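> Structure provided below as structure tokens; questions to follow.
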Protein chains: 2
Amino acid sequence: MRNILIIGAGRSASSLIEYLLNKSVTEDLFLTIGDLSAALAERKTNGHERARAIAFDIFNEAQRHEEIGRADIVISMLPAHLHYEVAKDCITYKKHMVTASYISPAMQELDALVTANNLVFMNEIGLDPGIDHMSAMKIIDEIRDQGGKVILFESFCGGLVAPESDNNLWNYKFTWNPRNVVLAGQGGTAKFIQEGTYKYIPYNKLFRRTEFMQVEGYGRFEGYANRDSLKYRSVYGLDDALTLYRGTLRRVGFSKSWNMFVTLGMTDDSYVMEDSETMSYREFINSFLPYHPTDSVELKLRHMLNIDQDDIQWEKLMELDLFNAHKIVGLRNATPAQILEKILSDKWTLSSDDKDMIVMYHKFGYELNGQQKQVDATMVCIGRDQTFTAMAKTVGLPVAIAALQILNGKITTPGVQLPINKEVYLPILKELEEFGVVFHEKHVPYMGYNPQNVAS
Amino acid sequence: MRNILIIGAGRSASSLIEYLLNKSVTEDLFLTIGDLSAALAERKTNGHERARAIAFDIFNEAQRHEEIGRADIVISMLPAHLHYEVAKDCITYKKHMVTASYISPAMQELDALVTANNLVFMNEIGLDPGIDHMSAMKIIDEIRDQGGKVILFESFCGGLVAPESDNNLWNYKFTWNPRNVVLAGQGGTAKFIQEGTYKYIPYNKLFRRTEFMQVEGYGRFEGYANRDSLKYRSVYGLDDALTLYRGTLRRVGFSKSWNMFVTLGMTDDSYVMEDSETMSYREFINSFLPYHPTDSVELKLRHMLNIDQDDIQWEKLMELDLFNAHKIVGLRNATPAQILEKILSDKWTLSSDDKDMIVMYHKFGYELNGQQKQVDATMVCIGRDQTFTAMAKTVGLPVAIAALQILNGKITTPGVQLPINKEVYLPILKELEEFGVVFHEKHVPYMGYNPQNVAS
């Protein structure tokens, strides 16, 4: 029997554990599921005889050594900054390791040691990062194998509410960490490259310079730029590409409305507001508007944001019950971002029968035999319920599949890895299709262009 | 003979040194002027027999001890973070000290030691901080002495170009550190209190929510909010005031135009731009605009900022020669803010015969005998030339006067001080009047108001 230690049994572990339990007999697996909450770990075992739930504290060194020592492979679903402790022990006890997180500089430094011990540490193998790498590299490699040259790569991903549960004016609900949604776009100017020119978008314009995309059967989406679109330029071998852009998907209209909060200053997480605990929602809004003895909060806001009476922006604000003088924030020493998150959570929390949706959209522009071509690839995944969400599925399944492939000696290249090589991504993408994670490719006219002698 | 050690002979030391040299015979003073540049120090002595110039390195401990040891009082015109080394030596050798800088936490911690040694460390006695404290406390104390209660305090200060040298569309030139002008308003949301309500202005709205003021004989000005208007609330005894607002003055229209740079992202100092050294001004602008194969940089910018063809904003941009494709930035690894500073310096640097201007504007609202009243106090100071600027005068003279008062035993309260007590500010403000630094007071109808039962 092969022992798999899974550390962290939170939301993103559901589909991962289900997959491995379903394979546990045929593949002869035994799962140890560790979480700070033993009860949570227990629930995830679903009473399966090939699983054992334990209360697991990553800072309990003795326990960590013992459990890692008896495992054949370790899957860490911990927050990213906690992987390093696990990684060091995995080297000591010579165990493979899998995470869905970005490779940290500390993790990267372990590469030589991991390689010397002939271990595979597979990272960035969730959704984003993960499925984005694999699905992009598959097409990039196909273009190259034909003798083509990639000149444009744009990639978008979004966690959204499924169409059947999409019943508010924002076409949005929180399907993952709401705090990350409120803080999105902060912490650095968005940087990308378009037709050979570096472009920068400051936070105050981020949600006003979006791109639009159509996904067959699912309608239109918009994307705003991620902070660093150039992060994987060299990793993907795209140093000569003229256009590189990575973004986050929302339903059309979301960004324009979200920008109201940005403009007012409500997404700021850098300072604590006075009297936040006893403040009403109305007072919260009014804190960002000029004082006036008689003008209403409503009119002051309409004036500042230039909202006409028949503007849908107004309906969106009303839907959030933002101007309510009786709803109290109730958070001590809270930042504007924390208060906004609370207000939005009143309306944007999934109901028990709501489903989530993951959408990914890639564009590849390339030159082949002197011609410019473009292929777009799209993937839509709808959640089953609130445990087996589209997010849990798309994050957890690639992790689980990769872990089993490593155990079975199918993925062998040692070192601190990410899934950009054919032998890794091809079988995983293929198996993901059985679970409904399918990319649809479509050839379209090449849309990028760079005529010479123009005033750009 | 009393020895005064002046450390730092830069721009703000000119009027300070001139004042003390003029008094050196009658007051029996001898000045040692130390600067990293001996030549600069030498120029400031103006060949006076009662002054000695030395090359002085604040990190040369032996020299520091020797020079501080032989002084009767030390004036530190160093950058604020360097005062602490001087202060410790001043305690060791039991010397008084004067600075124009904000009291740092480290400096504040010396208070007990300074007091125990019966020394006076007078700080924040330049212009802002300095003259603002003194002129505000004078009127606040007068109101209190009459039995009144201050309910509103607004205070504005600006370093501008004198009307006779004001010959560009921005009505602005760099009269002090340009970098501080470009970065103004960054580093924290502006916070103040208006009629009992805390208000917050994010950076993207800071230059669009200004207040307007008229100064007799000098026309209209506008003020944008400083980061923390509540800093001196307790120090001034204004904990119960309903309105507290501190701001920076510009000529009307400057802020609206400056906001174009903020919106585009050109004031950002947090990242380095690609290829900044070889980039043209035109390319710099284009970095913040969307790519288009044929639309001009001009039209893209007009569209993004919604600038009509007859809008003065456009003339202001043209005046800066922003769209020039032949002017090269020439700065390696530069941030947008550094590049913008360079572009603005081409046009906003004072000519040799230009003069600067300092404007200060205070509003005091108060209740007296059941009536609400208001008094406004304004001060305008024009520079003599490019050495004896209004800035050098208003920063340096209060420092010099305070130093002499301490030497003469007129200011005696020991400790780490700022000039908010009558015995300090009254004689200094009086003497400043002889140098043309005069506040004009004017009673106006009380403009603050807070009627009950309104929808604020």
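Just remember, in the structure tokens the first chain shown is A, the second B, etc., residues are 1-based per chain, and ligands are 1-based in the order shown.
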Could you please select, counting only C-alpha atoms, the residues of chain A within 10 Å of chain B and state them as a PyMOL selection string?

chain A and resi 187-189+191-205+208-209+262-268+270-271+273-275+282-298+300+304+448-456

> Counting only C-alpha atoms, what is within 6 Å of range 221-223 of chain A, bar same-chain residues fewer than 4 positions away, as a list in words?

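Neighbouring residues, sequence-local ones excluded: Thr210, Glu211, Phe212, Met213, Gly247, Thr248, Leu249, Arg250, Arg251 and Val252 of chain A.
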
> Could you list, as a ChimeraX atom specification, every residue within 12 Å of Thr378 in chain B, counting only C-alpha atoms and ignoring same-chain residues fewer than 2 positions away?

/B:131-132,135-136,139,154-158,213-218,221,358-364,375-376,380-381,437-443

> Restricting the output to N, CA, C and O atoms, write the selected residues as a tab-separated table (two decimals), in the first residue's frame.


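This went into out-v1.tsv:
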```tsv
chain	number	residue	atom	x	y	z
B	131	ILE	N	6.49	78.41	11.72
B	131	ILE	CA	5.65	79.62	11.71
B	131	ILE	C	4.18	79.23	11.79
B	131	ILE	O	3.37	79.93	12.40
B	132	ASP	N	3.82	78.07	11.19
B	132	ASP	CA	2.42	77.62	11.29
B	132	ASP	C	2.01	77.39	12.75
B	132	ASP	O	0.98	77.88	13.20
B	135	SER	N	1.97	81.01	14.64
B	135	SER	CA	0.89	81.93	14.27
B	135	SER	C	-0.47	81.34	14.62
B	135	SER	O	-1.40	82.08	14.97
B	136	ALA	N	-0.60	80.01	14.56
B	136	ALA	CA	-1.87	79.39	14.93
B	136	ALA	C	-2.09	79.49	16.44
B	136	ALA	O	-3.16	79.89	16.90
B	139	ILE	N	-3.29	82.92	17.84
B	139	ILE	CA	-4.72	83.25	17.72
B	139	ILE	C	-5.57	82.31	18.57
B	139	ILE	O	-6.53	82.73	19.22
B	154	GLU	N	-8.51	75.44	10.27
B	154	GLU	CA	-7.97	74.99	8.99
B	154	GLU	C	-6.69	75.76	8.73
B	154	GLU	O	-6.61	76.95	9.02
B	155	SER	N	-5.70	75.07	8.19
B	155	SER	CA	-4.40	75.70	8.02
B	155	SER	C	-3.77	75.24	6.71
B	155	SER	O	-3.70	74.04	6.44
B	156	PHE	N	-3.34	76.20	5.91
B	156	PHE	CA	-2.78	75.90	4.59
B	156	PHE	C	-1.44	76.60	4.42
B	156	PHE	O	-1.28	77.73	4.90
B	157	CYS	N	-0.53	75.97	3.73
B	157	CYS	CA	0.74	76.61	3.44
B	157	CYS	C	1.22	76.13	2.08
B	157	CYS	O	1.00	74.98	1.70
B	158	GLY	N	1.84	77.02	1.33
B	158	GLY	CA	2.36	76.62	0.03
B	158	GLY	C	3.61	77.40	-0.34
B	158	GLY	O	3.72	78.58	-0.03
B	213	MET	N	-9.44	79.78	-1.51
B	213	MET	CA	-9.19	80.91	-0.62
B	213	MET	C	-8.74	82.13	-1.39
B	213	MET	O	-8.05	82.00	-2.40
B	214	GLN	N	-9.11	83.29	-0.87
B	214	GLN	CA	-8.72	84.56	-1.49
B	214	GLN	C	-7.73	85.23	-0.53
B	214	GLN	O	-7.99	85.27	0.68
B	215	VAL	N	-6.62	85.70	-1.04
B	215	VAL	CA	-5.69	86.46	-0.20
B	215	VAL	C	-5.61	87.87	-0.78
B	215	VAL	O	-5.23	88.05	-1.95
B	216	GLU	N	-5.99	88.86	0.03
B	216	GLU	CA	-6.07	90.23	-0.47
B	216	GLU	C	-4.77	90.66	-1.12
B	216	GLU	O	-3.70	90.57	-0.52
B	217	GLY	N	-4.88	91.13	-2.35
B	217	GLY	CA	-3.71	91.60	-3.08
B	217	GLY	C	-2.98	90.50	-3.84
B	217	GLY	O	-2.08	90.78	-4.62
B	218	TYR	N	-3.37	89.26	-3.58
B	218	TYR	CA	-2.66	88.15	-4.24
B	218	TYR	C	-3.58	87.19	-4.99
B	218	TYR	O	-3.13	86.19	-5.55
B	221	PHE	N	-6.35	81.12	-4.31
B	221	PHE	CA	-5.54	79.92	-4.16
B	221	PHE	C	-6.46	78.75	-3.89
B	221	PHE	O	-7.62	78.93	-3.51
B	358	ILE	N	5.99	82.47	-0.39
B	358	ILE	CA	5.36	81.60	0.61
B	358	ILE	C	4.01	82.20	0.96
B	358	ILE	O	3.90	83.40	1.20
B	359	VAL	N	2.99	81.36	0.97
B	359	VAL	CA	1.65	81.81	1.39
B	359	VAL	C	1.18	80.89	2.51
B	359	VAL	O	1.29	79.66	2.40
B	360	MET	N	0.68	81.50	3.58
B	360	MET	CA	0.08	80.71	4.67
B	360	MET	C	-1.32	81.26	4.94
B	360	MET	O	-1.53	82.48	4.86
B	361	TYR	N	-2.26	80.35	5.16
B	361	TYR	CA	-3.65	80.77	5.39
B	361	TYR	C	-4.23	79.93	6.52
B	361	TYR	O	-4.26	78.71	6.43
B	362	HIS	N	-4.64	80.62	7.61
B	362	HIS	CA	-5.31	79.93	8.72
B	362	HIS	C	-6.76	80.40	8.83
B	362	HIS	O	-7.03	81.60	8.64
B	363	LYS	N	-7.67	79.48	9.15
B	363	LYS	CA	-9.04	79.86	9.51
B	363	LYS	C	-9.32	79.37	10.92
B	363	LYS	O	-9.04	78.21	11.23
B	364	PHE	N	-9.87	80.23	11.74
B	364	PHE	CA	-10.24	79.84	13.10
B	364	PHE	C	-11.73	80.12	13.30
B	364	PHE	O	-12.15	81.27	13.20
B	375	VAL	N	-12.17	84.08	12.39
B	375	VAL	CA	-11.10	85.00	12.00
B	375	VAL	C	-10.14	84.24	11.10
B	375	VAL	O	-9.81	83.08	11.35
B	376	ASP	N	-9.77	84.86	9.98
B	376	ASP	CA	-8.79	84.29	9.06
B	376	ASP	C	-7.49	85.07	9.18
B	376	ASP	O	-7.50	86.29	9.32
B	380	VAL	N	1.93	86.43	3.47
B	380	VAL	CA	2.58	86.22	2.18
B	380	VAL	C	4.00	86.77	2.29
B	380	VAL	O	4.21	87.86	2.81
B	381	CYS	N	4.95	86.00	1.84
B	381	CYS	CA	6.35	86.43	1.90
B	381	CYS	C	6.98	86.19	0.53
B	381	CYS	O	6.87	85.10	-0.03
B	437	VAL	N	7.62	89.25	7.60
B	437	VAL	CA	6.77	88.07	7.78
B	437	VAL	C	5.63	88.49	8.71
B	437	VAL	O	5.74	88.44	9.94
B	438	VAL	N	4.54	88.94	8.09
B	438	VAL	CA	3.45	89.58	8.82
B	438	VAL	C	2.14	88.85	8.56
B	438	VAL	O	1.81	88.57	7.42
B	439	PHE	N	1.41	88.55	9.60
B	439	PHE	CA	0.08	87.95	9.44
B	439	PHE	C	-0.98	89.02	9.49
B	439	PHE	O	-0.96	89.89	10.35
B	440	HIS	N	-1.91	88.95	8.51
B	440	HIS	CA	-3.04	89.87	8.49
B	440	HIS	C	-4.26	89.11	8.95
B	440	HIS	O	-4.59	88.07	8.39
B	441	GLU	N	-4.94	89.66	9.94
B	441	GLU	CA	-6.13	88.99	10.46
B	441	GLU	C	-7.37	89.71	9.97
B	441	GLU	O	-7.39	90.92	9.82
B	442	LYS	N	-8.42	88.92	9.74
B	442	LYS	CA	-9.64	89.49	9.19
B	442	LYS	C	-10.83	88.73	9.76
B	442	LYS	O	-10.86	87.49	9.68
B	443	HIS	N	-11.76	89.44	10.35
B	443	HIS	CA	-12.95	88.78	10.88
B	443	HIS	C	-13.95	88.58	9.76
B	443	HIS	O	-14.23	89.50	8.99
```

> I need the residues in range 193-441 of chain B that are strand (DSSP E or B) according to DSSP; give them as number ranges by chain.

B: 193-194, 197-201, 211-215, 219-225, 228, 243-251, 280, 328, 349, 356-368, 371-382, 415-417, 440-441

> Would you mind telling me which residue in B:Gly237, B:Leu344, B:Glu49, B:Lys23 lies nearest to Asp141 in chain B when using only C-alpha atoms?

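Residue with the minimum atom-to-atom distance to Asp141 in chain B: B:Gly237.
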
> Could you tell me which of A:Asp228, A:Asp128, A:Asp310, A:Asp145 comes closest to Val395 in chain A if we count only C-alpha atoms?

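Among the listed residues, A:Asp128 lies closest to Val395 in chain A.
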
> Could you give me the residues within range 278-436 of chain A that DSSP places in alpha helix (DSSP H), as an mmCIF file with N, CA and C atoms, in the first residue's frame?


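Wrote result12.cif, looks like this:
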```cif
data_model
loop_
_atom_site.group_PDB
_atom_site.id
_atom_site.type_symbol
_atom_site.label_atom_id
_atom_site.label_comp_id
_atom_site.auth_asym_id
_atom_site.auth_seq_id
_atom_site.Cartn_x
_atom_site.Cartn_y
_atom_site.Cartn_z
ATOM 1 N N TYR A 281 -23.565 51.523 7.558
ATOM 2 C CA TYR A 281 -23.130 51.459 6.155
ATOM 3 C C TYR A 281 -23.163 52.857 5.539
ATOM 4 N N ARG A 282 -24.223 53.590 5.878
ATOM 5 C CA ARG A 282 -24.375 54.942 5.337
ATOM 6 C C ARG A 282 -23.223 55.848 5.775
ATOM 7 N N GLU A 283 -22.845 55.727 7.026
ATOM 8 C CA GLU A 283 -21.729 56.546 7.519
ATOM 9 C C GLU A 283 -20.411 56.150 6.850
ATOM 10 N N PHE A 284 -20.290 54.859 6.590
ATOM 11 C CA PHE A 284 -19.090 54.383 5.874
ATOM 12 C C PHE A 284 -18.970 55.093 4.524
ATOM 13 N N ILE A 285 -20.053 55.077 3.746
ATOM 14 C CA ILE A 285 -20.046 55.753 2.440
ATOM 15 C C ILE A 285 -19.739 57.231 2.610
ATOM 16 N N ASN A 286 -20.381 57.829 3.587
ATOM 17 C CA ASN A 286 -20.252 59.267 3.776
ATOM 18 C C ASN A 286 -18.832 59.689 4.159
ATOM 19 N N VAL A 297 -26.361 61.906 1.259
ATOM 20 C CA VAL A 297 -25.251 61.024 0.897
ATOM 21 C C VAL A 297 -25.442 60.530 -0.532
ATOM 22 N N GLU A 298 -26.694 60.226 -0.868
ATOM 23 C CA GLU A 298 -26.986 59.725 -2.208
ATOM 24 C C GLU A 298 -26.566 60.724 -3.285
ATOM 25 N N LEU A 299 -26.981 61.975 -3.113
ATOM 26 C CA LEU A 299 -26.685 62.959 -4.152
ATOM 27 C C LEU A 299 -25.186 63.262 -4.214
ATOM 28 N N LYS A 300 -24.551 63.306 -3.035
ATOM 29 C CA LYS A 300 -23.106 63.577 -3.039
ATOM 30 C C LYS A 300 -22.364 62.476 -3.795
ATOM 31 N N LEU A 301 -22.789 61.247 -3.596
ATOM 32 C CA LEU A 301 -22.133 60.136 -4.291
ATOM 33 C C LEU A 301 -22.414 60.173 -5.796
ATOM 34 N N ARG A 302 -23.676 60.422 -6.141
ATOM 35 C CA ARG A 302 -24.032 60.522 -7.568
ATOM 36 C C ARG A 302 -23.227 61.613 -8.249
ATOM 37 N N HIS A 303 -23.073 62.718 -7.547
ATOM 38 C CA HIS A 303 -22.327 63.832 -8.128
ATOM 39 C C HIS A 303 -20.863 63.474 -8.303
ATOM 40 N N MET A 304 -20.266 62.878 -7.263
ATOM 41 C CA MET A 304 -18.837 62.569 -7.349
ATOM 42 C C MET A 304 -18.549 61.569 -8.457
ATOM 43 N N LEU A 305 -19.436 60.589 -8.604
ATOM 44 C CA LEU A 305 -19.186 59.534 -9.592
ATOM 45 C C LEU A 305 -19.916 59.790 -10.912
ATOM 46 N N ILE A 312 -27.310 52.172 -14.690
ATOM 47 C CA ILE A 312 -27.348 50.882 -14.008
ATOM 48 C C ILE A 312 -26.410 50.854 -12.792
ATOM 49 N N GLN A 313 -25.371 51.714 -12.816
ATOM 50 C CA GLN A 313 -24.467 51.768 -11.657
ATOM 51 C C GLN A 313 -25.252 52.060 -10.376
ATOM 52 N N TRP A 314 -26.248 52.913 -10.522
ATOM 53 C CA TRP A 314 -27.031 53.280 -9.350
ATOM 54 C C TRP A 314 -27.809 52.077 -8.809
ATOM 55 N N GLU A 315 -28.401 51.329 -9.721
ATOM 56 C CA GLU A 315 -29.152 50.130 -9.310
ATOM 57 C C GLU A 315 -28.230 49.146 -8.613
ATOM 58 N N LYS A 316 -27.005 49.048 -9.092
ATOM 59 C CA LYS A 316 -26.061 48.116 -8.488
ATOM 60 C C LYS A 316 -25.735 48.524 -7.053
ATOM 61 N N LEU A 317 -25.576 49.818 -6.838
ATOM 62 C CA LEU A 317 -25.301 50.290 -5.476
ATOM 63 C C LEU A 317 -26.512 50.065 -4.570
ATOM 64 N N MET A 318 -27.697 50.331 -5.102
ATOM 65 C CA MET A 318 -28.914 50.133 -4.304
ATOM 66 C C MET A 318 -29.070 48.661 -3.917
ATOM 67 N N GLU A 319 -28.737 47.786 -4.845
ATOM 68 C CA GLU A 319 -28.853 46.355 -4.579
ATOM 69 C C GLU A 319 -27.995 45.935 -3.380
ATOM 70 N N PRO A 336 -11.015 50.190 5.403
ATOM 71 C CA PRO A 336 -12.076 50.298 4.408
ATOM 72 C C PRO A 336 -12.294 48.972 3.672
ATOM 73 N N ALA A 337 -11.213 48.295 3.295
ATOM 74 C CA ALA A 337 -11.339 47.033 2.539
ATOM 75 C C ALA A 337 -12.085 45.979 3.362
ATOM 76 N N GLN A 338 -11.811 45.914 4.651
ATOM 77 C CA GLN A 338 -12.496 44.928 5.499
ATOM 78 C C GLN A 338 -13.978 45.246 5.611
ATOM 79 N N ILE A 339 -14.301 46.529 5.703
ATOM 80 C CA ILE A 339 -15.701 46.936 5.815
ATOM 81 C C ILE A 339 -16.430 46.670 4.496
ATOM 82 N N LEU A 340 -15.787 47.014 3.386
ATOM 83 C CA LEU A 340 -16.401 46.749 2.085
ATOM 84 C C LEU A 340 -16.649 45.250 1.908
ATOM 85 N N GLU A 341 -15.674 44.449 2.304
ATOM 86 C CA GLU A 341 -15.841 42.989 2.199
ATOM 87 C C GLU A 341 -17.070 42.529 2.975
ATOM 88 N N LYS A 342 -17.241 43.092 4.170
ATOM 89 C CA LYS A 342 -18.402 42.729 4.984
ATOM 90 C C LYS A 342 -19.712 43.122 4.284
ATOM 91 N N ILE A 343 -19.765 44.335 3.752
ATOM 92 C CA ILE A 343 -20.978 44.818 3.083
ATOM 93 C C ILE A 343 -21.299 43.949 1.862
ATOM 94 N N LEU A 344 -20.286 43.624 1.097
ATOM 95 C CA LEU A 344 -20.499 42.822 -0.107
ATOM 96 C C LEU A 344 -20.895 41.392 0.247
ATOM 97 N N SER A 345 -20.344 40.887 1.359
ATOM 98 C CA SER A 345 -20.644 39.506 1.755
ATOM 99 C C SER A 345 -22.124 39.328 2.085
ATOM 100 N N ASP A 346 -22.772 40.408 2.548
ATOM 101 C CA ASP A 346 -24.217 40.338 2.801
ATOM 102 C C ASP A 346 -24.971 39.877 1.556
ATOM 103 N N LYS A 347 -24.479 40.285 0.385
ATOM 104 C CA LYS A 347 -25.227 40.074 -0.852
ATOM 105 C C LYS A 347 -24.570 39.074 -1.787
ATOM 106 N N TRP A 348 -23.277 38.900 -1.666
ATOM 107 C CA TRP A 348 -22.544 38.115 -2.658
ATOM 108 C C TRP A 348 -22.131 36.741 -2.147
ATOM 109 N N ALA A 390 -16.397 24.131 -8.677
ATOM 110 C CA ALA A 390 -15.517 24.167 -9.851
ATOM 111 C C ALA A 390 -14.112 24.541 -9.423
ATOM 112 N N MET A 391 -14.012 25.396 -8.412
ATOM 113 C CA MET A 391 -12.689 25.809 -7.937
ATOM 114 C C MET A 391 -11.971 24.623 -7.294
ATOM 115 N N ALA A 392 -12.681 23.872 -6.426
ATOM 116 C CA ALA A 392 -12.063 22.726 -5.758
ATOM 117 C C ALA A 392 -11.632 21.682 -6.789
ATOM 118 N N LYS A 393 -12.476 21.500 -7.788
ATOM 119 C CA LYS A 393 -12.201 20.524 -8.846
ATOM 120 C C LYS A 393 -10.964 20.925 -9.653
ATOM 121 N N THR A 394 -10.942 22.162 -10.121
ATOM 122 C CA THR A 394 -9.847 22.574 -11.008
ATOM 123 C C THR A 394 -8.539 22.789 -10.252
ATOM 124 N N VAL A 395 -8.627 23.111 -8.966
ATOM 125 C CA VAL A 395 -7.393 23.222 -8.181
ATOM 126 C C VAL A 395 -6.928 21.833 -7.753
ATOM 127 N N GLY A 396 -7.870 21.001 -7.282
ATOM 128 C CA GLY A 396 -7.486 19.753 -6.623
ATOM 129 C C GLY A 396 -7.180 18.596 -7.553
ATOM 130 N N LEU A 397 -7.928 18.482 -8.662
ATOM 131 C CA LEU A 397 -7.729 17.320 -9.531
ATOM 132 C C LEU A 397 -6.323 17.252 -10.141
ATOM 133 N N PRO A 398 -5.796 18.355 -10.666
ATOM 134 C CA PRO A 398 -4.438 18.254 -11.220
ATOM 135 C C PRO A 398 -3.413 17.861 -10.151
ATOM 136 N N VAL A 399 -3.602 18.338 -8.936
ATOM 137 C CA VAL A 399 -2.703 17.981 -7.837
ATOM 138 C C VAL A 399 -2.772 16.471 -7.602
ATOM 139 N N ALA A 400 -3.999 15.960 -7.522
ATOM 140 C CA ALA A 400 -4.193 14.543 -7.234
ATOM 141 C C ALA A 400 -3.634 13.667 -8.363
ATOM 142 N N ILE A 401 -3.930 14.069 -9.601
ATOM 143 C CA ILE A 401 -3.457 13.281 -10.744
ATOM 144 C C ILE A 401 -1.926 13.270 -10.780
ATOM 145 N N ALA A 402 -1.332 14.449 -10.546
ATOM 146 C CA ALA A 402 0.130 14.532 -10.567
ATOM 147 C C ALA A 402 0.732 13.669 -9.463
ATOM 148 N N ALA A 403 0.133 13.682 -8.278
ATOM 149 C CA ALA A 403 0.664 12.896 -7.165
ATOM 150 C C ALA A 403 0.679 11.416 -7.534
ATOM 151 N N LEU A 404 -0.408 10.955 -8.128
ATOM 152 C CA LEU A 404 -0.490 9.543 -8.498
ATOM 153 C C LEU A 404 0.514 9.205 -9.607
ATOM 154 N N GLN A 405 0.669 10.117 -10.562
ATOM 155 C CA GLN A 405 1.648 9.895 -11.632
ATOM 156 C C GLN A 405 3.059 9.793 -11.080
ATOM 157 N N ILE A 406 3.346 10.610 -10.089
ATOM 158 C CA ILE A 406 4.690 10.556 -9.484
ATOM 159 C C ILE A 406 4.865 9.216 -8.758
ATOM 160 N N LEU A 407 3.842 8.848 -7.982
ATOM 161 C CA LEU A 407 3.889 7.569 -7.263
ATOM 162 C C LEU A 407 4.094 6.412 -8.228
ATOM 163 N N LYS A 422 5.899 18.350 -21.689
ATOM 164 C CA LYS A 422 4.902 17.461 -22.295
ATOM 165 C C LYS A 422 4.592 16.232 -21.468
ATOM 166 N N GLU A 423 5.655 15.553 -20.980
ATOM 167 C CA GLU A 423 5.417 14.299 -20.257
ATOM 168 C C GLU A 423 4.587 14.539 -18.999
ATOM 169 N N VAL A 424 4.571 15.746 -18.526
ATOM 170 C CA VAL A 424 3.746 16.066 -17.355
ATOM 171 C C VAL A 424 2.343 16.488 -17.799
ATOM 172 N N TYR A 425 2.280 17.510 -18.688
ATOM 173 C CA TYR A 425 0.964 18.104 -18.941
ATOM 174 C C TYR A 425 0.057 17.254 -19.834
ATOM 175 N N LEU A 426 0.642 16.503 -20.758
ATOM 176 C CA LEU A 426 -0.218 15.760 -21.688
ATOM 177 C C LEU A 426 -1.134 14.757 -20.978
ATOM 178 N N PRO A 427 -0.583 13.841 -20.174
ATOM 179 C CA PRO A 427 -1.486 12.887 -19.498
ATOM 180 C C PRO A 427 -2.436 13.556 -18.507
ATOM 181 N N ILE A 428 -1.986 14.591 -17.867
ATOM 182 C CA ILE A 428 -2.861 15.252 -16.879
ATOM 183 C C ILE A 428 -4.026 15.946 -17.585
ATOM 184 N N LEU A 429 -3.735 16.694 -18.655
ATOM 185 C CA LEU A 429 -4.816 17.366 -19.394
ATOM 186 C C LEU A 429 -5.804 16.338 -19.945
ATOM 187 N N LYS A 430 -5.261 15.217 -20.406
ATOM 188 C CA LYS A 430 -6.111 14.162 -20.964
ATOM 189 C C LYS A 430 -7.059 13.603 -19.893
ATOM 190 N N GLU A 431 -6.501 13.328 -18.722
ATOM 191 C CA GLU A 431 -7.339 12.782 -17.654
ATOM 192 C C GLU A 431 -8.343 13.819 -17.148
ATOM 193 N N LEU A 432 -7.929 15.101 -17.129
ATOM 194 C CA LEU A 432 -8.847 16.152 -16.683
ATOM 195 C C LEU A 432 -10.096 16.205 -17.562
ATOM 196 N N GLU A 433 -9.930 15.862 -18.838
ATOM 197 C CA GLU A 433 -11.086 15.891 -19.748
ATOM 198 C C GLU A 433 -12.181 14.936 -19.292
ATOM 199 N N GLU A 434 -11.781 13.814 -18.697
ATOM 200 C CA GLU A 434 -12.771 12.857 -18.181
ATOM 201 C C GLU A 434 -13.621 13.479 -17.072
#
```

> Excluding Glu61 in chain A and its own-chain neighbours fewer than 5 positions away, which residues fall within 12 Å of it when counting only C-alpha atoms? Please give them as a compact mmCIF listing (two decimals) with C-alpha atoms, in the first residue's frame.


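Now in result_15.txt:
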```
# COMPACT_ATOMS: atom_id res chain seq x y z
CA PHE A 56 -2.09 18.00 12.40
CA GLU A 66 6.63 11.10 11.99
CA GLU A 67 3.88 11.60 9.42
CA ILE A 68 6.18 12.67 6.60
CA GLY A 69 8.50 9.78 7.49
CA GLU A 85 8.89 23.49 6.50
CA VAL A 86 7.24 20.52 4.81
CA LYS A 88 12.75 20.50 4.15
CA ASP A 89 11.39 17.41 5.90
```

> When you draw a straight line from CA of Ile58 in chain A to CA of His133 in chain A, how long is it in Å?

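Between CA of Ile58 in chain A and CA of His133 in chain A the gap is 28.9 Å.
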
> Name the residues in contact with range 383-388 of chain A at a cut-off of 8 Å, using only C-alpha atoms, excluding same-chain residues fewer than 4 positions from it; report them as a list in words.

Arg11, Ser14, Ser15, Ala162, Ser352, Asp353, Asp354, Lys355, Asp356, Met357, Ala392 and Lys393 of chain A

> Distance CA of Ser12 in chain B-CA of Met77 in chain B, one decimal place?

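Distance between the two atoms: 7.6 Å.
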
> If we count only C-alpha atoms, what is near Ala41 in chain B at a cut-off of 12 Å, once residues fewer than 6 positions away on the same chain are taken out, given as an MDAnalysis selection string?

chainID B and resid 5:11 13:14 17 31:35 47:48 51:56

> Tell me, in Å to one decimal, how far CA of Ser255 in chain B is from CA of Leu206 in chain B.

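Rounded to one decimal, the two atoms are 8.6 Å apart.
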